[in-house]
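Source file: entry26.cif (mmCIF, C-alpha atoms)
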data_run
#
loop_
_atom_site.label_atom_id
_atom_site.label_comp_id
_atom_site.auth_asym_id
_atom_site.auth_seq_id
_atom_site.Cartn_x
_atom_site.Cartn_y
_atom_site.Cartn_z
CA MET A 1 -101.18 -120.76 -107.14
CA LEU A 2 -99.57 -122.59 -104.23
CA VAL A 3 -100.23 -126.11 -105.48
CA THR A 4 -98.63 -126.67 -108.87
CA ASN A 5 -100.25 -129.94 -109.97
CA SER A 6 -101.41 -129.41 -113.57
CA SER A 7 -102.76 -132.91 -114.20
CA ALA A 8 -106.20 -133.26 -115.72
CA GLU A 9 -107.30 -135.28 -112.72
CA PHE A 10 -106.39 -132.51 -110.31
CA GLU A 11 -108.09 -129.87 -112.45
CA THR A 12 -111.25 -131.98 -112.41
CA TYR A 13 -110.90 -132.46 -108.66
CA LYS A 14 -110.71 -128.70 -108.08
CA LYS A 15 -113.91 -128.10 -110.06
CA VAL A 16 -115.84 -130.84 -108.30
CA GLU A 17 -114.47 -129.87 -104.91
CA LYS A 18 -115.66 -126.28 -105.23
CA GLU A 19 -119.23 -127.51 -105.30
CA TYR A 20 -118.56 -130.13 -102.63
CA ILE A 21 -117.12 -127.63 -100.12
CA GLU A 22 -120.19 -125.38 -100.38
CA LEU A 23 -122.53 -128.33 -99.94
CA ASP A 24 -120.46 -129.76 -97.09
CA ARG A 25 -120.30 -126.48 -95.17
CA ASN A 26 -124.09 -126.35 -95.16
CA GLN A 27 -124.12 -129.75 -93.45
CA VAL A 28 -121.66 -128.89 -90.65
CA LEU A 29 -123.63 -128.78 -87.41
CA ARG A 30 -121.15 -129.16 -84.54
CA THR A 31 -117.69 -128.19 -85.80
CA ARG A 32 -117.64 -124.51 -86.60
CA ASN A 33 -113.93 -124.13 -87.32
CA ILE A 34 -113.60 -126.62 -90.21
CA LYS A 35 -115.66 -124.26 -92.33
CA MET A 36 -112.39 -122.33 -92.72
CA ILE A 37 -110.67 -125.15 -94.64
CA PRO A 38 -109.46 -123.48 -97.86
CA ALA A 39 -109.86 -124.69 -101.44
CA ALA A 40 -107.55 -127.41 -102.76
CA ARG A 41 -105.16 -125.03 -104.52
CA TYR A 42 -104.26 -123.58 -101.10
CA ARG A 43 -103.96 -126.90 -99.27
CA PHE A 44 -100.41 -128.16 -99.34
CA GLY A 45 -97.58 -129.37 -97.13
CA GLY A 46 -98.14 -133.02 -98.06
CA LYS A 47 -101.89 -132.81 -97.39
CA ILE A 48 -104.23 -131.80 -100.21
CA SER A 49 -107.27 -133.94 -99.40
CA TYR A 50 -110.14 -132.09 -97.69
CA ALA A 51 -110.73 -135.16 -95.51
CA GLU A 52 -107.10 -135.29 -94.41
CA TRP A 53 -107.14 -131.62 -93.48
CA ALA A 54 -110.29 -132.16 -91.41
CA HIS A 55 -108.72 -135.22 -89.78
CA GLN A 56 -105.50 -133.41 -88.82
CA ILE A 57 -107.40 -130.35 -87.62
CA GLY A 58 -109.20 -132.68 -85.21
CA ILE A 59 -105.92 -134.16 -84.01
CA PHE A 60 -104.39 -130.76 -83.34
CA GLN A 61 -107.54 -129.41 -81.73
CA THR A 62 -107.27 -132.29 -79.25
CA LEU A 63 -103.55 -131.71 -78.68
CA ILE A 64 -104.09 -127.99 -78.10
CA TYR A 65 -106.93 -128.72 -75.67
CA LEU A 66 -104.69 -131.08 -73.69
CA HIS A 67 -101.68 -128.79 -73.53
CA CYS A 68 -103.10 -125.27 -73.10
CA GLN A 69 -103.27 -124.15 -69.48
CA SER A 70 -106.40 -122.12 -70.30
CA LYS A 71 -109.13 -123.15 -72.75
CA SER A 72 -109.70 -119.64 -74.13
CA GLY A 73 -107.93 -116.31 -74.36
CA ASN A 74 -104.62 -117.90 -75.34
CA VAL A 75 -101.86 -116.43 -77.47
CA ILE A 76 -100.86 -119.32 -79.73
CA LEU A 77 -97.84 -119.17 -82.02
CA ASP A 78 -97.87 -121.46 -85.05
CA ALA A 79 -94.28 -121.63 -86.31
CA GLY A 80 -94.16 -122.56 -89.99
CA CYS A 81 -97.90 -121.96 -90.29
CA GLY A 82 -98.20 -122.63 -94.02
CA ALA A 83 -101.78 -122.25 -95.20
CA GLY A 84 -103.18 -122.26 -91.67
CA LEU A 85 -104.21 -125.84 -90.91
CA VAL A 86 -103.22 -125.60 -87.24
CA GLY A 87 -104.75 -122.14 -87.06
CA ILE A 88 -108.14 -123.67 -87.82
CA ALA A 89 -107.60 -126.10 -84.94
CA ALA A 90 -106.51 -123.28 -82.63
CA ASP A 91 -109.53 -121.08 -83.32
CA PRO A 92 -111.65 -122.12 -80.30
CA PHE A 93 -108.74 -121.56 -77.90
CA VAL A 94 -107.99 -117.96 -78.92
CA SER A 95 -111.51 -116.69 -78.29
CA ASN A 96 -112.21 -114.12 -75.55
CA GLY A 97 -109.29 -111.81 -76.29
CA GLY A 98 -106.63 -114.27 -77.39
CA LYS A 99 -104.89 -114.41 -80.75
CA TYR A 100 -103.35 -116.84 -83.19
CA LEU A 101 -99.97 -115.80 -84.64
CA GLY A 102 -98.94 -117.58 -87.82
CA LEU A 103 -95.21 -117.31 -88.58
CA ASP A 104 -93.73 -118.35 -91.93
CA VAL A 105 -90.88 -117.60 -94.33
CA LYS A 106 -93.10 -117.67 -97.46
CA LYS A 107 -94.62 -114.30 -98.32
CA ASP A 108 -97.13 -115.62 -100.87
CA VAL A 109 -98.54 -118.08 -98.34
CA LEU A 110 -98.99 -115.32 -95.79
CA GLU A 111 -100.74 -113.11 -98.32
CA PHE A 112 -103.29 -115.86 -98.85
CA CYS A 113 -103.70 -116.41 -95.11
CA ARG A 114 -104.34 -112.73 -94.45
CA SER A 115 -107.08 -112.72 -97.08
CA HIS A 116 -108.69 -115.95 -95.90
CA TYR A 117 -108.68 -115.89 -92.08
CA PRO A 118 -110.40 -113.21 -89.95
CA CYS A 119 -108.35 -110.64 -88.08
CA PRO A 120 -108.86 -110.67 -85.14
CA PRO A 121 -108.00 -113.23 -83.90
CA PHE A 122 -105.73 -114.39 -86.75
CA GLN A 123 -102.48 -112.52 -87.41
CA PHE A 124 -99.66 -113.53 -89.75
CA ILE A 125 -95.99 -112.58 -89.50
CA HIS A 126 -93.32 -112.94 -92.18
CA LEU A 127 -89.97 -114.26 -90.97
CA ASP A 128 -87.21 -112.96 -93.25
CA SER A 129 -84.98 -116.01 -92.78
CA LYS A 130 -83.39 -118.28 -95.34
CA ASN A 131 -84.56 -121.83 -95.94
CA ALA A 132 -83.00 -123.60 -98.90
CA GLU A 133 -86.27 -125.34 -99.80
CA TYR A 134 -88.91 -122.68 -99.03
CA ALA A 135 -87.17 -119.28 -98.98
CA ASN A 136 -83.86 -119.65 -100.77
CA SER A 137 -83.72 -115.98 -101.85
CA GLN A 138 -83.85 -114.73 -98.26
CA GLU A 139 -80.65 -114.39 -96.27
CA GLY A 140 -79.58 -115.19 -92.73
CA ARG A 141 -81.49 -116.43 -89.71
CA CYS A 142 -83.80 -114.05 -87.84
CA PRO A 143 -85.02 -114.19 -84.26
CA TRP A 144 -88.77 -114.51 -83.96
CA PRO A 145 -90.23 -110.97 -83.72
CA LEU A 146 -91.96 -111.68 -80.43
CA GLU A 147 -91.42 -110.58 -76.84
CA ASP A 148 -89.93 -112.86 -74.21
CA LYS A 149 -92.44 -114.98 -72.26
CA SER A 150 -95.38 -113.80 -74.35
CA ILE A 151 -96.76 -117.07 -75.78
CA ASP A 152 -99.12 -119.57 -74.13
CA LEU A 153 -98.57 -122.39 -76.62
CA ILE A 154 -96.41 -123.07 -79.68
CA THR A 155 -97.35 -125.41 -82.49
CA ALA A 156 -95.05 -126.43 -85.35
CA LEU A 157 -96.50 -128.92 -87.80
CA SER A 158 -93.68 -130.38 -89.93
CA LEU A 159 -91.38 -127.37 -89.45
CA TRP A 160 -88.59 -129.38 -87.81
CA SER A 161 -88.62 -131.78 -90.79
CA HIS A 162 -87.22 -128.91 -92.88
CA LEU A 163 -84.59 -127.49 -90.52
CA ASN A 164 -80.86 -128.22 -90.60
CA GLU A 165 -78.99 -128.59 -87.32
CA ASP A 166 -78.13 -124.91 -86.84
CA ASP A 167 -81.69 -123.79 -87.60
CA ALA A 168 -83.24 -126.50 -85.43
CA LEU A 169 -81.10 -125.52 -82.44
CA PHE A 170 -81.65 -121.80 -82.98
CA TYR A 171 -85.44 -121.99 -83.35
CA LEU A 172 -85.97 -124.28 -80.38
CA LYS A 173 -84.04 -121.73 -78.32
CA GLU A 174 -86.37 -119.09 -79.73
CA ALA A 175 -89.34 -121.23 -78.72
CA SER A 176 -88.01 -121.39 -75.17
CA ARG A 177 -87.44 -117.63 -75.12
CA VAL A 178 -91.00 -116.67 -76.12
CA LEU A 179 -92.91 -119.28 -74.08
CA ARG A 180 -94.37 -118.31 -70.75
CA PRO A 181 -93.20 -120.34 -67.73
CA HIS A 182 -94.58 -123.91 -67.86
CA ALA A 183 -96.07 -123.31 -71.30
CA ARG A 184 -95.68 -125.99 -73.95
CA ALA A 185 -94.66 -126.52 -77.56
CA ILE A 186 -96.20 -129.16 -79.83
CA ILE A 187 -93.65 -129.99 -82.53
CA THR A 188 -93.73 -132.69 -85.22
CA GLY A 189 -90.88 -134.15 -87.24
CA PHE A 190 -88.87 -137.28 -88.00
CA LEU A 191 -87.04 -138.62 -84.94
CA LEU A 192 -84.56 -141.33 -85.92
CA ASP A 193 -84.87 -143.55 -82.86
CA GLU A 194 -85.32 -147.28 -82.21
CA TYR A 195 -88.83 -147.22 -83.75
CA TYR A 196 -87.29 -145.87 -86.95
CA TYR A 197 -84.54 -148.48 -87.14
CA ASP A 198 -86.88 -151.33 -86.19
CA SER A 199 -89.32 -150.34 -88.97
CA LEU A 200 -86.87 -150.14 -91.87
CA ASP A 201 -87.43 -153.74 -92.98
CA ASP A 202 -91.21 -153.49 -92.59
CA ARG A 203 -91.78 -150.82 -95.22
CA THR A 204 -92.85 -152.39 -98.49
CA ASP A 205 -92.24 -151.37 -102.09
CA LYS A 206 -95.87 -151.89 -103.09
CA PRO A 207 -97.17 -149.46 -105.75
CA GLY A 208 -99.41 -146.57 -104.88
CA GLN A 209 -99.05 -143.01 -103.64
CA PHE A 210 -99.48 -143.87 -99.94
CA ASP A 211 -96.88 -146.63 -100.06
CA ALA A 212 -94.56 -144.45 -102.14
CA THR A 213 -94.63 -141.86 -99.34
CA PHE A 214 -93.38 -144.43 -96.87
CA LYS A 215 -90.79 -145.73 -99.33
CA SER A 216 -89.42 -142.25 -100.05
CA LEU A 217 -88.79 -141.78 -96.32
CA ARG A 218 -87.34 -145.26 -95.92
CA LYS A 219 -83.85 -144.14 -94.97
CA PHE A 220 -82.42 -140.87 -93.71
CA GLU A 221 -78.81 -141.70 -94.46
CA VAL A 222 -77.07 -138.62 -95.87
CA PRO A 223 -75.59 -136.17 -93.33
CA VAL A 224 -77.14 -132.70 -93.58
CA TYR A 225 -74.25 -130.29 -94.25
CA GLY A 226 -71.83 -132.62 -92.46
CA SER A 227 -73.91 -133.07 -89.30
CA ASP A 228 -73.57 -136.30 -87.34
CA ALA A 229 -77.15 -136.14 -86.01
CA TRP A 230 -79.26 -134.61 -88.82
CA TYR A 231 -79.84 -136.66 -91.99
CA HIS A 232 -81.83 -136.54 -95.23
CA PRO A 233 -82.87 -139.21 -97.78
CA LYS A 234 -80.74 -139.71 -100.90
CA TRP A 235 -83.54 -138.66 -103.22
CA VAL A 236 -83.82 -135.03 -102.10
CA ALA A 237 -82.17 -132.33 -104.19
CA VAL A 238 -82.07 -129.92 -101.23
CA PRO A 239 -81.55 -131.27 -97.69
CA GLU A 240 -84.31 -129.07 -96.25
CA LYS A 241 -86.85 -130.98 -98.38
CA ALA A 242 -86.93 -133.75 -95.74
CA ILE A 243 -84.74 -133.93 -92.63
CA GLY A 244 -84.68 -136.28 -89.68
CA PHE A 245 -82.69 -135.98 -86.46
CA THR A 246 -81.33 -138.65 -84.12
CA LYS A 247 -81.80 -139.00 -80.38
CA ALA A 248 -78.40 -137.35 -79.99
CA GLY A 249 -79.72 -134.41 -82.01
CA LEU A 250 -82.79 -134.24 -79.78
CA GLU A 251 -80.55 -134.15 -76.70
CA ARG A 252 -78.60 -131.26 -78.23
CA MET A 253 -81.80 -129.31 -78.81
CA LEU A 254 -82.95 -129.91 -75.25
CA ALA A 255 -79.59 -128.82 -73.85
CA ALA A 256 -79.48 -125.69 -76.03
CA SER A 257 -83.06 -124.61 -75.31
CA GLY A 258 -83.50 -125.62 -71.69
CA LEU A 259 -86.87 -127.14 -72.57
CA LYS A 260 -88.05 -130.48 -71.18
CA LEU A 261 -89.46 -133.26 -73.36
CA ILE A 262 -92.60 -134.37 -71.52
CA GLU A 263 -94.35 -136.51 -74.16
CA TYR A 264 -93.40 -138.37 -77.30
CA HIS A 265 -95.82 -140.05 -79.72
CA PRO A 266 -94.21 -142.03 -82.58
CA GLY A 267 -95.72 -141.35 -85.99
CA THR A 268 -97.32 -143.82 -88.36
CA TRP A 269 -94.45 -143.32 -90.84
CA LYS A 270 -92.60 -145.78 -88.57
CA GLU A 271 -95.20 -148.49 -89.25
CA VAL A 272 -96.61 -148.25 -85.71
CA PRO A 273 -100.10 -147.12 -84.63
CA GLY A 274 -100.06 -143.40 -83.92
CA MET A 275 -101.96 -140.13 -83.96
CA LEU A 276 -100.14 -138.51 -86.87
CA PHE A 277 -97.91 -139.43 -89.80
CA GLN A 278 -94.95 -137.59 -88.26
CA ASP A 279 -93.67 -138.00 -84.71
CA ILE A 280 -95.17 -135.66 -82.10
CA LEU A 281 -92.90 -134.19 -79.42
CA ILE A 282 -94.30 -132.12 -76.55
CA PHE A 283 -91.86 -129.75 -74.85
CA GLU A 284 -92.37 -127.68 -71.70
CA ARG A 285 -90.57 -124.54 -70.59
#

Hey, can you dump this file as structure tokens for me?
Amino acid sequence: MLVTNSSAEFETYKKVEKEYIELDRNQVLRTRNIKMIPAARYRFGGKISYAEWAHQIGIFQTLIYLHCQSKSGNVILDAGCGAGLVGIAADPFVSNGGKYLGLDVKKDVLEFCRSHYPCPPFQFIHLDSKNAEYANSQEGRCPWPLEDKSIDLITALSLWSHLNEDDALFYLKEASRVLRPHARAIITGFLLDEYYYDSLDDRTDKPGQFDATFKSLRKFEVPVYGSDAWYHPKWVAVPEKAIGFTKAGLERMLAASGLKLIEYHPGTWKEVPGMLFQDILIFER
């Protein structure tokens, strides 16, 4: 089981939701891909709600549409794919001979994905790299097992919020290596910029799960392994649980990778209107 919430409420939710999903799928008339949304026990990464998965699938389907040079036949790499949320969004754009490649460090997640999503066009690749939060038993840092200039678009939903400085620099260089010329990468994370600092006093301590999420990310103030540009909140036991990077850190990643930042959309976690909870950064090779 990938979601380890044993509360009575969640157990009840899972039972009710099983019936709801079957009924809901029969009502879907115009959005074929959301029928692939998995059951609650396999929805994780800060998003368990069926409605929130459907909402974010729509956001990423729009982003992919805007940033793919072709509208079908693409090879899309989803770095840190998790349970495949972005893969569902990518489905229309890998038709006609394309493919979706989900890359992740967690073997159990990939086993689920291989059993749930059709191959072709979905393929899933295990990356045998260490991450202190998600793959602490693995060792080292591995290059992505992909050829140079072979990818039409990269997505990375919340991957960079779990990468220390060395990993963030290394994997953005890998993104640059595998992207075709002028191809793009859609990456989300926590950028500690002026929107972040301006919003610190606006976040309230009101009770409730939604407000608690904002409160827990109130301040990224502890250096990650001594970095002067990557920080984590005090409450995390392992830095890779939640990491933000400064504008100086962003400049380092751009310099190391050779990518260009062409769009930036601040996230709603900064108490500003936005498309997504995390910040969205669009890079181009």

For this structure, which residues satisfy the selection - the PyMOL selection byres ((chain A and resi 14) around 12) - when it is evaluated on the file as given? I want them as a PyMOL selection string. chain A and resi 3+5-13+15-21+38-43+48-50

Would you please work out which residue, of A:Glu165, A:Asp108, A:Glu263, A:Asp24, is nearest to Ile187 in chain A when using all atoms listed in the file?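 Comparing A:Glu165, A:Asp108, A:Glu263, A:Asp24 against Ile187 in chain A, the winner is A:Glu263.
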
Nearest candidate to Lys47 in chain A (options A:Ser199, A:Leu157, A:Asn164, A:Gly97; using only C-alpha atoms):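 Between A:Ser199, A:Leu157, A:Asn164, A:Gly97, the residue approaching Lys47 in chain A most closely is A:Leu157.
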
Can you give me, as a list in words, the residues this file yields under the PyMOL selection byres ((chain A and resi 89) around 6)?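 That selection, the PyMOL selection byres ((chain A and resi 89) around 6), comes back as Ile57, Phe60, Gln61, Val86, Gly87, Ile88, Ala90 and Asp91 of chain A.
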
Do you have the CA of Leu85 in chain A-CA of Leu276 in chain A distance handy? 13.9 Å

Take the PyMOL selection byres ((chain A and resi 123-129) around 8), apply it to the structure above, and return the hits as JSON, numbers by chain. {"A": [99, 100, 101, 102, 103, 104, 105, 106, 107, 110, 113, 114, 119, 120, 121, 122, 130, 131, 135, 138, 139, 140, 141, 142, 144, 145]}

Near His265 in chain A, counting all atoms listed in the file, which residues have an atom at most 7 Å away, once you skip same-chain residues fewer than 6 positions from it, shown as a compact mmCIF listing (two decimals) with C-alpha atoms, in the frame of the given file?
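Generated file (out18.txt):
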# COMPACT_ATOMS: atom_id res chain seq x y z
CA GLY A 274 -100.06 -143.40 -83.92
CA ASP A 279 -93.67 -138.00 -84.71
CA ILE A 280 -95.17 -135.66 -82.10
CA LEU A 281 -92.90 -134.19 -79.42

Smallest atom-to-atom distance to Pro266 in chain A: which of A:Leu29, A:Ile186, A:Ala54, A:Leu192, using all atoms listed in the file?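 Of the candidates, the smallest distance to Pro266 in chain A is held by A:Leu192.
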